[in-house]
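Student: Structure supplied as input-v5.pdb; contents: PDB, C-alpha atoms.
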```pdb
ATOM      1  CA  MET A   1      10.914 -11.417  21.051
ATOM      2  CA  LEU A   2       9.219  -9.050  23.517
ATOM      3  CA  ARG A   3       8.887  -6.418  20.781
ATOM      4  CA  THR A   4       7.071  -8.933  18.584
ATOM      5  CA  ILE A   5       4.674  -9.940  21.368
ATOM      6  CA  ILE A   6       3.812  -6.330  22.229
ATOM      7  CA  THR A   7       3.221  -5.436  18.580
ATOM      8  CA  VAL A   8       0.953  -8.430  17.940
ATOM      9  CA  LEU A   9      -0.901  -7.794  21.214
ATOM     10  CA  PHE A  10      -1.626  -4.197  20.212
ATOM     11  CA  VAL A  11      -3.051  -5.317  16.855
ATOM     12  CA  PHE A  12      -5.302  -7.830  18.609
ATOM     13  CA  ILE A  13      -6.541  -5.288  21.175
ATOM     14  CA  PHE A  14      -7.143  -2.638  18.504
ATOM     15  CA  LEU A  15      -9.174  -4.994  16.330
ATOM     16  CA  ILE A  16     -11.345  -6.063  19.259
ATOM     17  CA  LEU A  17     -11.911  -2.632  20.797
ATOM     18  CA  SER A  18     -12.610  -0.987  17.445
ATOM     19  CA  ILE A  19     -15.611  -3.200  16.619
ATOM     20  CA  PRO A  20     -18.173  -0.667  17.989
ATOM     21  CA  VAL A  21     -16.617   2.005  15.764
ATOM     22  CA  TRP A  22     -17.842   0.154  12.658
ATOM     23  CA  GLY A  23     -21.451   0.858  13.584
ATOM     24  CA  LEU A  24     -20.763   4.530  14.212
ATOM     25  CA  LEU A  25     -18.988   4.850  10.878
ATOM     26  CA  LEU A  26     -21.835   3.141   9.043
ATOM     27  CA  ILE A  27     -24.277   5.619  10.573
ATOM     28  CA  VAL A  28     -22.051   8.570   9.634
ATOM     29  CA  GLY A  29     -21.789   7.166   6.112
ATOM     30  CA  LEU A  30     -25.552   7.347   5.685
ATOM     31  CA  PHE A  31     -25.352  11.121   5.977
ATOM     32  CA  ASP A  32     -21.822  11.987   4.882
ATOM     33  CA  LYS A  33     -19.907   9.358   2.928
ATOM     34  CA  HIS A  34     -16.793  11.513   2.537
ATOM     35  CA  THR A  35     -16.455  12.083   6.286
ATOM     36  CA  LYS A  36     -16.935   8.360   6.921
ATOM     37  CA  ASP A  37     -14.195   7.530   4.413
ATOM     38  CA  VAL A  38     -11.733  10.043   5.856
ATOM     39  CA  VAL A  39     -12.326   9.093   9.493
ATOM     40  CA  SER A  40     -12.175   5.368   8.736
ATOM     41  CA  TYR A  41      -8.912   5.755   6.858
ATOM     42  CA  LYS A  42      -7.332   7.937   9.526
ATOM     43  CA  ILE A  43      -8.207   5.428  12.257
ATOM     44  CA  VAL A  44      -6.447   2.588  10.468
ATOM     45  CA  ALA A  45      -3.551   4.853   9.447
ATOM     46  CA  TRP A  46      -3.139   5.815  13.114
ATOM     47  CA  ALA A  47      -3.234   2.185  14.240
ATOM     48  CA  PHE A  48      -0.605   1.169  11.687
ATOM     49  CA  GLY A  49       1.520   4.098  12.848
ATOM     50  CA  ILE A  50       1.412   2.657  16.359
ATOM     51  CA  VAL A  51       2.344  -0.762  14.971
ATOM     52  CA  ALA A  52       5.403   0.768  13.281
ATOM     53  CA  PHE A  53       6.351   2.569  16.504
ATOM     54  CA  LEU A  54       6.027  -0.546  18.659
ATOM     55  CA  ALA A  55       8.021  -2.499  16.087
ATOM     56  CA  GLY A  56      10.856  -0.011  16.508
ATOM     57  CA  VAL A  57      10.700   1.244  12.922
ATOM     58  CA  LYS A  58      12.513   4.524  12.358
ATOM     59  CA  TYR A  59      11.342   5.729   8.970
ATOM     60  CA  GLU A  60      12.163   8.651   6.735
ATOM     61  CA  VAL A  61       9.724   9.738   4.036
ATOM     62  CA  TYR A  62      10.692  11.731   0.971
ATOM     63  CA  GLY A  63       8.666  13.167  -1.898
ATOM     64  CA  TYR A  64       5.315  13.968  -0.266
ATOM     65  CA  ASP A  65       5.215  17.056  -2.476
ATOM     66  CA  LYS A  66       5.281  14.805  -5.565
ATOM     67  CA  ILE A  67       1.745  13.532  -4.866
ATOM     68  CA  PRO A  68      -0.969  15.506  -6.720
ATOM     69  CA  ALA A  69      -3.413  16.921  -4.189
ATOM     70  CA  ASP A  70      -6.320  17.403  -6.570
ATOM     71  CA  LYS A  71      -6.782  13.932  -8.065
ATOM     72  CA  SER A  72      -6.671  10.237  -7.331
ATOM     73  CA  VAL A  73      -3.501   8.382  -8.247
ATOM     74  CA  LEU A  74      -2.159   4.866  -8.667
ATOM     75  CA  PHE A  75       0.599   4.173  -6.144
ATOM     76  CA  ILE A  76       3.039   1.512  -7.328
ATOM     77  CA  GLY A  77       5.233   0.001  -4.612
ATOM     78  CA  ASN A  78       8.025  -2.553  -4.497
ATOM     79  CA  HIS A  79       7.239  -5.332  -2.055
ATOM     80  CA  HIS A  80       9.745  -6.678   0.479
ATOM     81  CA  SER A  81       7.679  -6.979   3.641
ATOM     82  CA  TYR A  82       4.278  -6.995   5.324
ATOM     83  CA  PHE A  83       5.442  -3.661   6.712
ATOM     84  CA  ASP A  84       5.243  -2.149   3.216
ATOM     85  CA  VAL A  85       1.479  -2.235   3.706
ATOM     86  CA  VAL A  86       1.717  -1.000   7.299
ATOM     87  CA  LEU A  87       3.865   1.995   6.352
ATOM     88  CA  GLY A  88       2.072   2.644   3.065
ATOM     89  CA  TYR A  89      -1.260   2.791   4.863
ATOM     90  CA  HIS A  90       0.169   5.042   7.566
ATOM     91  CA  ILE A  91       1.869   7.619   5.343
ATOM     92  CA  CYS A  92      -0.389   7.952   2.279
ATOM     93  CA  PRO A  93      -1.932  11.412   2.741
ATOM     94  CA  ALA A  94      -5.462  10.671   1.470
ATOM     95  CA  VAL A  95      -7.963   7.822   1.413
ATOM     96  CA  THR A  96      -6.266   4.972  -0.457
ATOM     97  CA  GLY A  97      -7.422   1.452  -1.233
ATOM     98  CA  PHE A  98      -4.903  -1.382  -1.383
ATOM     99  CA  LEU A  99      -4.936  -4.383  -3.683
ATOM    100  CA  ALA A 100      -3.892  -7.210  -1.390
ATOM    101  CA  LYS A 101      -3.657 -10.962  -1.641
ATOM    102  CA  GLN A 102      -6.666 -13.058  -0.700
ATOM    103  CA  GLU A 103      -4.962 -14.512   2.387
ATOM    104  CA  ILE A 104      -5.018 -11.124   4.138
ATOM    105  CA  GLY A 105      -8.726 -10.887   3.411
ATOM    106  CA  LYS A 106      -9.261 -14.020   5.504
ATOM    107  CA  ILE A 107      -8.061 -12.389   8.732
ATOM    108  CA  PRO A 108     -11.157 -11.656  10.878
ATOM    109  CA  LEU A 109     -11.801  -8.038  11.884
ATOM    110  CA  LEU A 110      -8.842  -6.738   9.858
ATOM    111  CA  ARG A 111     -10.761  -7.752   6.734
ATOM    112  CA  THR A 112     -13.685  -5.526   7.776
ATOM    113  CA  TRP A 113     -11.479  -2.492   8.287
ATOM    114  CA  MET A 114      -9.732  -3.023   4.955
ATOM    115  CA  LYS A 115     -12.965  -3.450   3.020
ATOM    116  CA  MET A 116     -14.300  -0.316   4.663
ATOM    117  CA  ASN A 117     -11.225   1.426   3.263
ATOM    118  CA  TYR A 118     -11.688   0.250  -0.355
ATOM    119  CA  CYS A 119      -9.210  -2.624  -0.213
ATOM    120  CA  LEU A 120      -9.687  -5.472  -2.680
ATOM    121  CA  PHE A 121      -8.383  -9.009  -2.280
ATOM    122  CA  LEU A 122      -6.968 -10.681  -5.385
ATOM    123  CA  THR A 123      -7.164 -14.459  -5.718
ATOM    124  CA  ARG A 124      -4.244 -14.777  -8.198
ATOM    125  CA  THR A 125      -5.806 -18.124  -9.158
ATOM    126  CA  ASP A 126      -9.125 -17.010 -10.675
ATOM    127  CA  PRO A 127      -8.454 -14.611 -13.587
ATOM    128  CA  ARG A 128     -12.135 -13.820 -14.085
ATOM    129  CA  THR A 129     -12.643 -12.805 -10.461
ATOM    130  CA  ASP A 130      -9.414 -10.811 -10.397
ATOM    131  CA  LEU A 131     -10.414  -8.982 -13.589
ATOM    132  CA  LYS A 132     -13.668  -7.921 -11.939
ATOM    133  CA  LEU A 133     -11.724  -6.659  -8.948
ATOM    134  CA  MET A 134      -9.341  -4.686 -11.181
ATOM    135  CA  LEU A 135     -12.326  -3.102 -12.925
ATOM    136  CA  LYS A 136     -13.768  -2.232  -9.515
ATOM    137  CA  ALA A 137     -10.457  -0.614  -8.587
ATOM    138  CA  GLN A 138     -10.675   1.462 -11.773
ATOM    139  CA  ASP A 139     -14.127   2.607 -10.684
ATOM    140  CA  TYR A 140     -12.733   3.639  -7.302
ATOM    141  CA  ILE A 141     -10.067   5.734  -9.029
ATOM    142  CA  LYS A 142     -12.732   7.422 -11.166
ATOM    143  CA  GLU A 143     -14.625   8.191  -7.947
ATOM    144  CA  GLY A 144     -11.556   9.927  -6.505
ATOM    145  CA  ILE A 145     -10.133   7.082  -4.405
ATOM    146  CA  SER A 146      -6.417   6.442  -4.911
ATOM    147  CA  MET A 147      -5.281   2.831  -5.186
ATOM    148  CA  PHE A 148      -2.050   1.168  -4.096
ATOM    149  CA  VAL A 149      -0.722  -1.959  -5.813
ATOM    150  CA  PHE A 150       2.411  -4.068  -5.553
ATOM    151  CA  PRO A 151       3.044  -5.172  -9.170
ATOM    152  CA  GLU A 152       5.484  -7.946  -8.203
ATOM    153  CA  GLY A 153       2.458  -9.852  -6.935
ATOM    154  CA  THR A 154       4.230 -11.211  -3.864
ATOM    155  CA  ARG A 155       6.933 -10.283  -1.384
ATOM    156  CA  SER A 156      10.541 -10.545  -2.494
ATOM    157  CA  LYS A 157      12.333 -13.535  -0.992
ATOM    158  CA  ASP A 158      15.824 -12.052  -1.289
ATOM    159  CA  GLY A 159      15.332  -8.278  -1.078
ATOM    160  CA  GLN A 160      15.617  -7.818  -4.844
ATOM    161  CA  MET A 161      12.809  -6.392  -6.968
ATOM    162  CA  GLY A 162      10.943  -9.019  -8.941
ATOM    163  CA  GLU A 163       9.219  -8.654 -12.279
ATOM    164  CA  PHE A 164       6.600  -5.910 -12.444
ATOM    165  CA  HIS A 165       3.467  -7.276 -14.108
ATOM    166  CA  ASP A 166       2.051  -4.910 -16.721
ATOM    167  CA  ALA A 167      -1.531  -5.789 -15.717
ATOM    168  CA  SER A 168      -1.058  -3.848 -12.482
ATOM    169  CA  PHE A 169      -0.744  -0.643 -14.481
ATOM    170  CA  ARG A 170      -4.002  -0.949 -16.439
ATOM    171  CA  MET A 171      -5.845   1.078 -13.819
ATOM    172  CA  SER A 172      -3.697   4.051 -14.783
ATOM    173  CA  LEU A 173      -3.777   3.365 -18.513
ATOM    174  CA  LYS A 174      -7.584   3.075 -18.460
ATOM    175  CA  THR A 175      -8.334   6.014 -16.168
ATOM    176  CA  GLY A 176      -5.497   8.412 -16.940
ATOM    177  CA  ALA A 177      -4.571   8.561 -13.246
ATOM    178  CA  PRO A 178      -0.923   9.470 -12.691
ATOM    179  CA  ILE A 179       1.373   6.720 -11.448
ATOM    180  CA  ILE A 180       3.291   7.494  -8.249
ATOM    181  CA  PRO A 181       6.159   5.018  -7.740
ATOM    182  CA  VAL A 182       6.786   4.351  -4.031
ATOM    183  CA  VAL A 183      10.162   2.862  -3.114
ATOM    184  CA  PHE A 184      10.432   0.995   0.194
ATOM    185  CA  THR A 185      14.019   0.460   1.336
ATOM    186  CA  ASN A 186      15.074  -1.930   4.122
ATOM    187  CA  THR A 187      11.555  -2.954   5.227
ATOM    188  CA  ARG A 188      12.542  -6.615   4.945
ATOM    189  CA  SER A 189      14.892  -6.160   7.897
ATOM    190  CA  ILE A 190      11.934  -5.436  10.210
ATOM    191  CA  PHE A 191      10.441  -8.924  10.095
ATOM    192  CA  GLU A 192      11.086 -11.184   7.104
ATOM    193  CA  ALA A 193      14.871 -11.293   7.461
ATOM    194  CA  GLN A 194      14.606 -12.935  10.910
ATOM    195  CA  ALA A 195      10.954 -14.064  11.154
ATOM    196  CA  PRO A 196       9.117 -14.584  13.431
ATOM    197  CA  ARG A 197      11.056 -11.945  15.383
ATOM    198  CA  ILE A 198      10.514  -8.226  14.779
ATOM    199  CA  LYS A 199      13.716  -6.188  14.746
ATOM    200  CA  LYS A 200      14.265  -2.469  15.254
ATOM    201  CA  SER A 201      15.096  -1.045  11.804
ATOM    202  CA  HIS A 202      15.774   2.088   9.802
ATOM    203  CA  VAL A 203      13.539   2.398   6.735
ATOM    204  CA  ILE A 204      13.312   4.882   3.882
ATOM    205  CA  VAL A 205      10.159   5.475   1.823
ATOM    206  CA  THR A 206      10.395   7.647  -1.283
ATOM    207  CA  PHE A 207       7.492   8.946  -3.372
ATOM    208  CA  MET A 208       8.857   9.535  -6.865
ATOM    209  CA  ASP A 209       7.774  11.969  -9.583
ATOM    210  CA  PRO A 210       4.344  11.262 -11.129
ATOM    211  CA  ILE A 211       4.321   9.307 -14.373
ATOM    212  CA  TYR A 212       1.585  10.242 -16.823
ATOM    213  CA  PRO A 213       1.001   7.309 -19.211
ATOM    214  CA  GLU A 214      -0.141   9.553 -22.048
ATOM    215  CA  ASN A 215       3.282  11.233 -22.046
ATOM    216  CA  LEU A 216       5.275   8.014 -22.364
ATOM    217  CA  GLU A 217       6.961   6.840 -25.526
ATOM    218  CA  ALA A 218       5.113   4.002 -27.257
ATOM    219  CA  GLU A 219       7.773   1.434 -26.319
ATOM    220  CA  ASP A 220       7.816   2.492 -22.663
ATOM    221  CA  LYS A 221       4.024   2.339 -22.498
ATOM    222  CA  LYS A 222       4.067  -1.112 -24.106
ATOM    223  CA  HIS A 223       6.481  -2.387 -21.448
ATOM    224  CA  ILE A 224       5.363  -0.063 -18.671
ATOM    225  CA  GLY A 225       6.137  -2.534 -15.893
ATOM    226  CA  GLN A 226       9.788  -2.782 -16.848
ATOM    227  CA  TYR A 227       9.974   0.974 -17.413
ATOM    228  CA  VAL A 228       8.664   1.844 -13.945
ATOM    229  CA  LYS A 229      10.734  -0.880 -12.296
ATOM    230  CA  SER A 230      13.951   0.517 -13.779
ATOM    231  CA  LEU A 231      13.170   3.983 -12.387
ATOM    232  CA  MET A 232      12.366   2.549  -8.972
ATOM    233  CA  GLN A 233      15.488   0.395  -8.936
ATOM    234  CA  ASP A 234      17.640   3.472  -9.542
ATOM    235  CA  GLN A 235      15.950   5.228  -6.610
ATOM    236  CA  ALA A 236      16.289   2.127  -4.408
ATOM    237  CA  ASP A 237      20.022   2.047  -5.085
ATOM    238  CA  ILE A 238      20.281   5.683  -3.965
ATOM    239  CA  ASP A 239      18.178   5.148  -0.834
ATOM    240  CA  ALA A 240      20.104   2.022   0.155
ATOM    241  CA  LYS A 241      23.162   4.196   0.741
ATOM    242  CA  LYS A 242      21.225   6.261   3.317
ATOM    243  CA  VAL A 243      20.205   3.293   5.462
ATOM    244  CA  PHE A 244      22.160   2.793   8.674
TER     245      PHE A 244
END
```
Now, as a test, write the supplied structure out as structure tokens.
Tutor:
Amino acid sequence: MLRTIITVLFVFIFLILSIPVWGLLLIVGLFDKHTKDVVSYKIVAWAFGIVAFLAGVKYEVYGYDKIPADKSVLFIGNHHSYFDVVLGYHICPAVTGFLAKQEIGKIPLLRTWMKMNYCLFLTRTDPRTDLKLMLKAQDYIKEGISMFVFPEGTRSKDGQMGEFHDASFRMSLKTGAPIIPVVFTNTRSIFEAQAPRIKKSHVIVTFMDPIYPENLEAEDKKHIGQYVKSLMQDQADIDAKKVF
């Protein structure tokens, strides 16, 4: 339980002490928006790296070289744990906005940091509002900001991948941005498997080959959620054998 207390305490202290940084970043953004975006993202990525360290997460990352360096992309991740967001934020190499559920957007201070880093909070109950947010995410991609979405819509309750909703892939279909599947293996063992206690765990994160929608067969594009899920499931089965 001590590990859990220390991890939560760090998050609280970081959120409080980082408040003055918001003002500095806003000032920097008036003169250099790109620098503001990069610095803001790196601060949160660093903080989430500390969270992973304090939580005792030993993680291996594969496939960094699969991520195009010259364009924004749509990261598609399977969702087993809150730590999928923590690790995803920490290891994505460039400024990336996350589509998260509305409940996370209600957390004071954290909400400000996430909004500053192009995160959007889906209601999942108001289709009109969520459509506007998806269109905004498409605009971010066109502006060069990568986006990260969990197409299952919620965390898995049993460690198995749920249905991938096709709507999550429209940002790629509409913008032409390549899809980068991101497979998280064993993240559920960090917290959800024995909540509220955080447990030291070994995790594998794999960035898979880019998928370009325009190159897909008509049937695969029509059922793109199922197509991408099947590829990710195959990779998850491989990675599961590496976990100790």
Student: Find, counting all atoms listed in the file, the residue in A:Pro108, A:Gly97, A:Gly176, A:Gly49 that gets nearest to Ile19 in chain A.
Tutor: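 So, comparing all the options, the nearest one is A:Pro108.
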Student: When distances are computed from all atoms listed in the file, which of A:Ser168, A:Gln226, A:Asn117, A:Ser189 shows the smallest separation from Ile76 in chain A?
Tutor: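 Among A:Ser168, A:Gln226, A:Asn117, A:Ser189, it is A:Ser168 that comes nearest to Ile76 in chain A.
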Student: A:Lys106, A:Lys229, A:Arg111, A:His80: which is nearest Thr154 in chain A, counting all atoms listed in the file?
Tutor: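 Closest candidate: A:His80.
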Student: So, with only C-alpha atoms as the atoms that count, which of A:Ala240, A:Val85, A:Val39, A:Met208 lies closest to Pro178 in chain A?
Tutor: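 When distances to Pro178 in chain A are compared using only C-alpha atoms, the smallest one comes from A:Met208.
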Student: Show which residues sit within 10 Å of Val228 in chain A, as a compact mmCIF listing (two decimals) with C-alpha atoms, in the coordinates of the input. Count all atoms listed in the file, and ignore same-chain residues fewer than 3 positions away.
Tutor:
```txt
# COMPACT_ATOMS: atom_id res chain seq x y z
CA ILE A 76 3.04 1.51 -7.33
CA PHE A 164 6.60 -5.91 -12.44
CA ASP A 166 2.05 -4.91 -16.72
CA PHE A 169 -0.74 -0.64 -14.48
CA ILE A 179 1.37 6.72 -11.45
CA ILE A 180 3.29 7.49 -8.25
CA PRO A 181 6.16 5.02 -7.74
CA ILE A 211 4.32 9.31 -14.37
CA ASP A 220 7.82 2.49 -22.66
CA LYS A 221 4.02 2.34 -22.50
CA HIS A 223 6.48 -2.39 -21.45
CA ILE A 224 5.36 -0.06 -18.67
CA GLY A 225 6.14 -2.53 -15.89
CA LEU A 231 13.17 3.98 -12.39
CA MET A 232 12.37 2.55 -8.97
CA GLN A 233 15.49 0.40 -8.94
```
Student: What is the distance between CA of Gly159 in chain A and CA of Ala193 in chain A, in Å to one decimal?
Tutor: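 Separation of CA of Gly159 in chain A and CA of Ala193 in chain A: 9.1 Å.
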Student: As an exercise, work out the distance from CA of Pro213 in chain A to CA of Leu173 in chain A in Å and give it to one decimal place.
Tutor: 6.2 Å
Student: For range 32-62 of chain A, where the input has fewer atoms than it should, I would like N, CA and C atoms rebuilt and written as a PDB file, keeping the file's coordinate frame.
Tutor:
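Saved the output as part33.pdb:
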```
ATOM      1  N   ASP A  32     -22.991  11.318   5.450  1.00  0.00           N
ATOM      2  CA  ASP A  32     -21.822  11.987   4.882  1.00  0.00           C
ATOM      3  C   ASP A  32     -20.765  10.941   4.550  1.00  0.00           C
ATOM      4  N   LYS A  33     -20.803  10.430   3.340  1.00  0.00           N
ATOM      5  CA  LYS A  33     -19.907   9.358   2.928  1.00  0.00           C
ATOM      6  C   LYS A  33     -18.443   9.803   2.970  1.00  0.00           C
ATOM      7  N   HIS A  34     -18.172  11.034   2.566  1.00  0.00           N
ATOM      8  CA  HIS A  34     -16.793  11.513   2.537  1.00  0.00           C
ATOM      9  C   HIS A  34     -16.191  11.533   3.937  1.00  0.00           C
ATOM     10  N   THR A  35     -16.945  12.043   4.913  1.00  0.00           N
ATOM     11  CA  THR A  35     -16.455  12.083   6.286  1.00  0.00           C
ATOM     12  C   THR A  35     -16.207  10.674   6.810  1.00  0.00           C
ATOM     13  N   LYS A  36     -17.120   9.753   6.504  1.00  0.00           N
ATOM     14  CA  LYS A  36     -16.935   8.360   6.921  1.00  0.00           C
ATOM     15  C   LYS A  36     -15.648   7.789   6.348  1.00  0.00           C
ATOM     16  N   ASP A  37     -15.399   8.043   5.061  1.00  0.00           N
ATOM     17  CA  ASP A  37     -14.195   7.530   4.413  1.00  0.00           C
ATOM     18  C   ASP A  37     -12.932   8.095   5.056  1.00  0.00           C
ATOM     19  N   VAL A  38     -12.922   9.391   5.297  1.00  0.00           N
ATOM     20  CA  VAL A  38     -11.733  10.043   5.856  1.00  0.00           C
ATOM     21  C   VAL A  38     -11.463   9.556   7.278  1.00  0.00           C
ATOM     22  N   VAL A  39     -12.501   9.520   8.106  1.00  0.00           N
ATOM     23  CA  VAL A  39     -12.326   9.093   9.493  1.00  0.00           C
ATOM     24  C   VAL A  39     -11.890   7.632   9.556  1.00  0.00           C
ATOM     25  N   SER A  40     -12.523   6.784   8.753  1.00  0.00           N
ATOM     26  CA  SER A  40     -12.175   5.368   8.736  1.00  0.00           C
ATOM     27  C   SER A  40     -10.718   5.175   8.337  1.00  0.00           C
ATOM     28  N   TYR A  41     -10.298   5.891   7.322  1.00  0.00           N
ATOM     29  CA  TYR A  41      -8.912   5.755   6.858  1.00  0.00           C
ATOM     30  C   TYR A  41      -7.924   6.252   7.906  1.00  0.00           C
ATOM     31  N   LYS A  42      -8.243   7.369   8.532  1.00  0.00           N
ATOM     32  CA  LYS A  42      -7.332   7.937   9.526  1.00  0.00           C
ATOM     33  C   LYS A  42      -7.207   7.036  10.753  1.00  0.00           C
ATOM     34  N   ILE A  43      -8.275   6.344  11.111  1.00  0.00           N
ATOM     35  CA  ILE A  43      -8.207   5.428  12.257  1.00  0.00           C
ATOM     36  C   ILE A  43      -7.219   4.302  11.976  1.00  0.00           C
ATOM     37  N   VAL A  44      -7.344   3.690  10.803  1.00  0.00           N
ATOM     38  CA  VAL A  44      -6.447   2.588  10.468  1.00  0.00           C
ATOM     39  C   VAL A  44      -5.020   3.097  10.261  1.00  0.00           C
ATOM     40  N   ALA A  45      -4.886   4.274   9.639  1.00  0.00           N
ATOM     41  CA  ALA A  45      -3.551   4.853   9.447  1.00  0.00           C
ATOM     42  C   ALA A  45      -2.890   5.115  10.799  1.00  0.00           C
ATOM     43  N   TRP A  46      -3.673   5.596  11.758  1.00  0.00           N
ATOM     44  CA  TRP A  46      -3.139   5.815  13.114  1.00  0.00           C
ATOM     45  C   TRP A  46      -2.698   4.494  13.738  1.00  0.00           C
ATOM     46  N   ALA A  47      -3.553   3.479  13.637  1.00  0.00           N
ATOM     47  CA  ALA A  47      -3.234   2.185  14.240  1.00  0.00           C
ATOM     48  C   ALA A  47      -1.961   1.588  13.642  1.00  0.00           C
ATOM     49  N   PHE A  48      -1.810   1.697  12.320  1.00  0.00           N
ATOM     50  CA  PHE A  48      -0.605   1.169  11.687  1.00  0.00           C
ATOM     51  C   PHE A  48       0.622   2.000  12.068  1.00  0.00           C
ATOM     52  N   GLY A  49       0.417   3.279  12.361  1.00  0.00           N
ATOM     53  CA  GLY A  49       1.520   4.098  12.848  1.00  0.00           C
ATOM     54  C   GLY A  49       2.007   3.609  14.201  1.00  0.00           C
ATOM     55  N   ILE A  50       1.062   3.215  15.055  1.00  0.00           N
ATOM     56  CA  ILE A  50       1.412   2.657  16.359  1.00  0.00           C
ATOM     57  C   ILE A  50       2.143   1.327  16.193  1.00  0.00           C
ATOM     58  N   VAL A  51       1.684   0.517  15.242  1.00  0.00           N
ATOM     59  CA  VAL A  51       2.344  -0.762  14.971  1.00  0.00           C
ATOM     60  C   VAL A  51       3.806  -0.516  14.588  1.00  0.00           C
ATOM     61  N   ALA A  52       4.031   0.456  13.697  1.00  0.00           N
ATOM     62  CA  ALA A  52       5.403   0.768  13.281  1.00  0.00           C
ATOM     63  C   ALA A  52       6.244   1.241  14.473  1.00  0.00           C
ATOM     64  N   PHE A  53       5.642   2.054  15.324  1.00  0.00           N
ATOM     65  CA  PHE A  53       6.351   2.569  16.504  1.00  0.00           C
ATOM     66  C   PHE A  53       6.731   1.430  17.453  1.00  0.00           C
ATOM     67  N   LEU A  54       5.766   0.564  17.747  1.00  0.00           N
ATOM     68  CA  LEU A  54       6.027  -0.546  18.659  1.00  0.00           C
ATOM     69  C   LEU A  54       7.047  -1.522  18.081  1.00  0.00           C
ATOM     70  N   ALA A  55       7.062  -1.617  16.740  1.00  0.00           N
ATOM     71  CA  ALA A  55       8.021  -2.499  16.087  1.00  0.00           C
ATOM     72  C   ALA A  55       9.423  -1.903  16.049  1.00  0.00           C
ATOM     73  N   GLY A  56       9.544  -0.649  16.484  1.00  0.00           N
ATOM     74  CA  GLY A  56      10.856  -0.011  16.508  1.00  0.00           C
ATOM     75  C   GLY A  56      11.314   0.483  15.152  1.00  0.00           C
ATOM     76  N   VAL A  57      10.360   0.793  14.269  1.00  0.00           N
ATOM     77  CA  VAL A  57      10.700   1.244  12.922  1.00  0.00           C
ATOM     78  C   VAL A  57      10.965   2.756  12.926  1.00  0.00           C
ATOM     79  N   LYS A  58      12.180   3.115  12.580  1.00  0.00           N
ATOM     80  CA  LYS A  58      12.513   4.524  12.358  1.00  0.00           C
ATOM     81  C   LYS A  58      12.461   4.747  10.855  1.00  0.00           C
ATOM     82  N   TYR A  59      11.507   5.562  10.410  1.00  0.00           N
ATOM     83  CA  TYR A  59      11.342   5.729   8.970  1.00  0.00           C
ATOM     84  C   TYR A  59      11.477   7.186   8.544  1.00  0.00           C
ATOM     85  N   GLU A  60      12.061   7.348   7.378  1.00  0.00           N
ATOM     86  CA  GLU A  60      12.163   8.651   6.735  1.00  0.00           C
ATOM     87  C   GLU A  60      11.322   8.605   5.464  1.00  0.00           C
ATOM     88  N   VAL A  61      10.583   9.672   5.217  1.00  0.00           N
ATOM     89  CA  VAL A  61       9.724   9.738   4.036  1.00  0.00           C
ATOM     90  C   VAL A  61      10.126  10.935   3.185  1.00  0.00           C
ATOM     91  N   TYR A  62      10.322  10.677   1.913  1.00  0.00           N
ATOM     92  CA  TYR A  62      10.692  11.731   0.971  1.00  0.00           C
ATOM     93  C   TYR A  62       9.666  11.799  -0.167  1.00  0.00           C
TER      94      TYR A  62
END
```
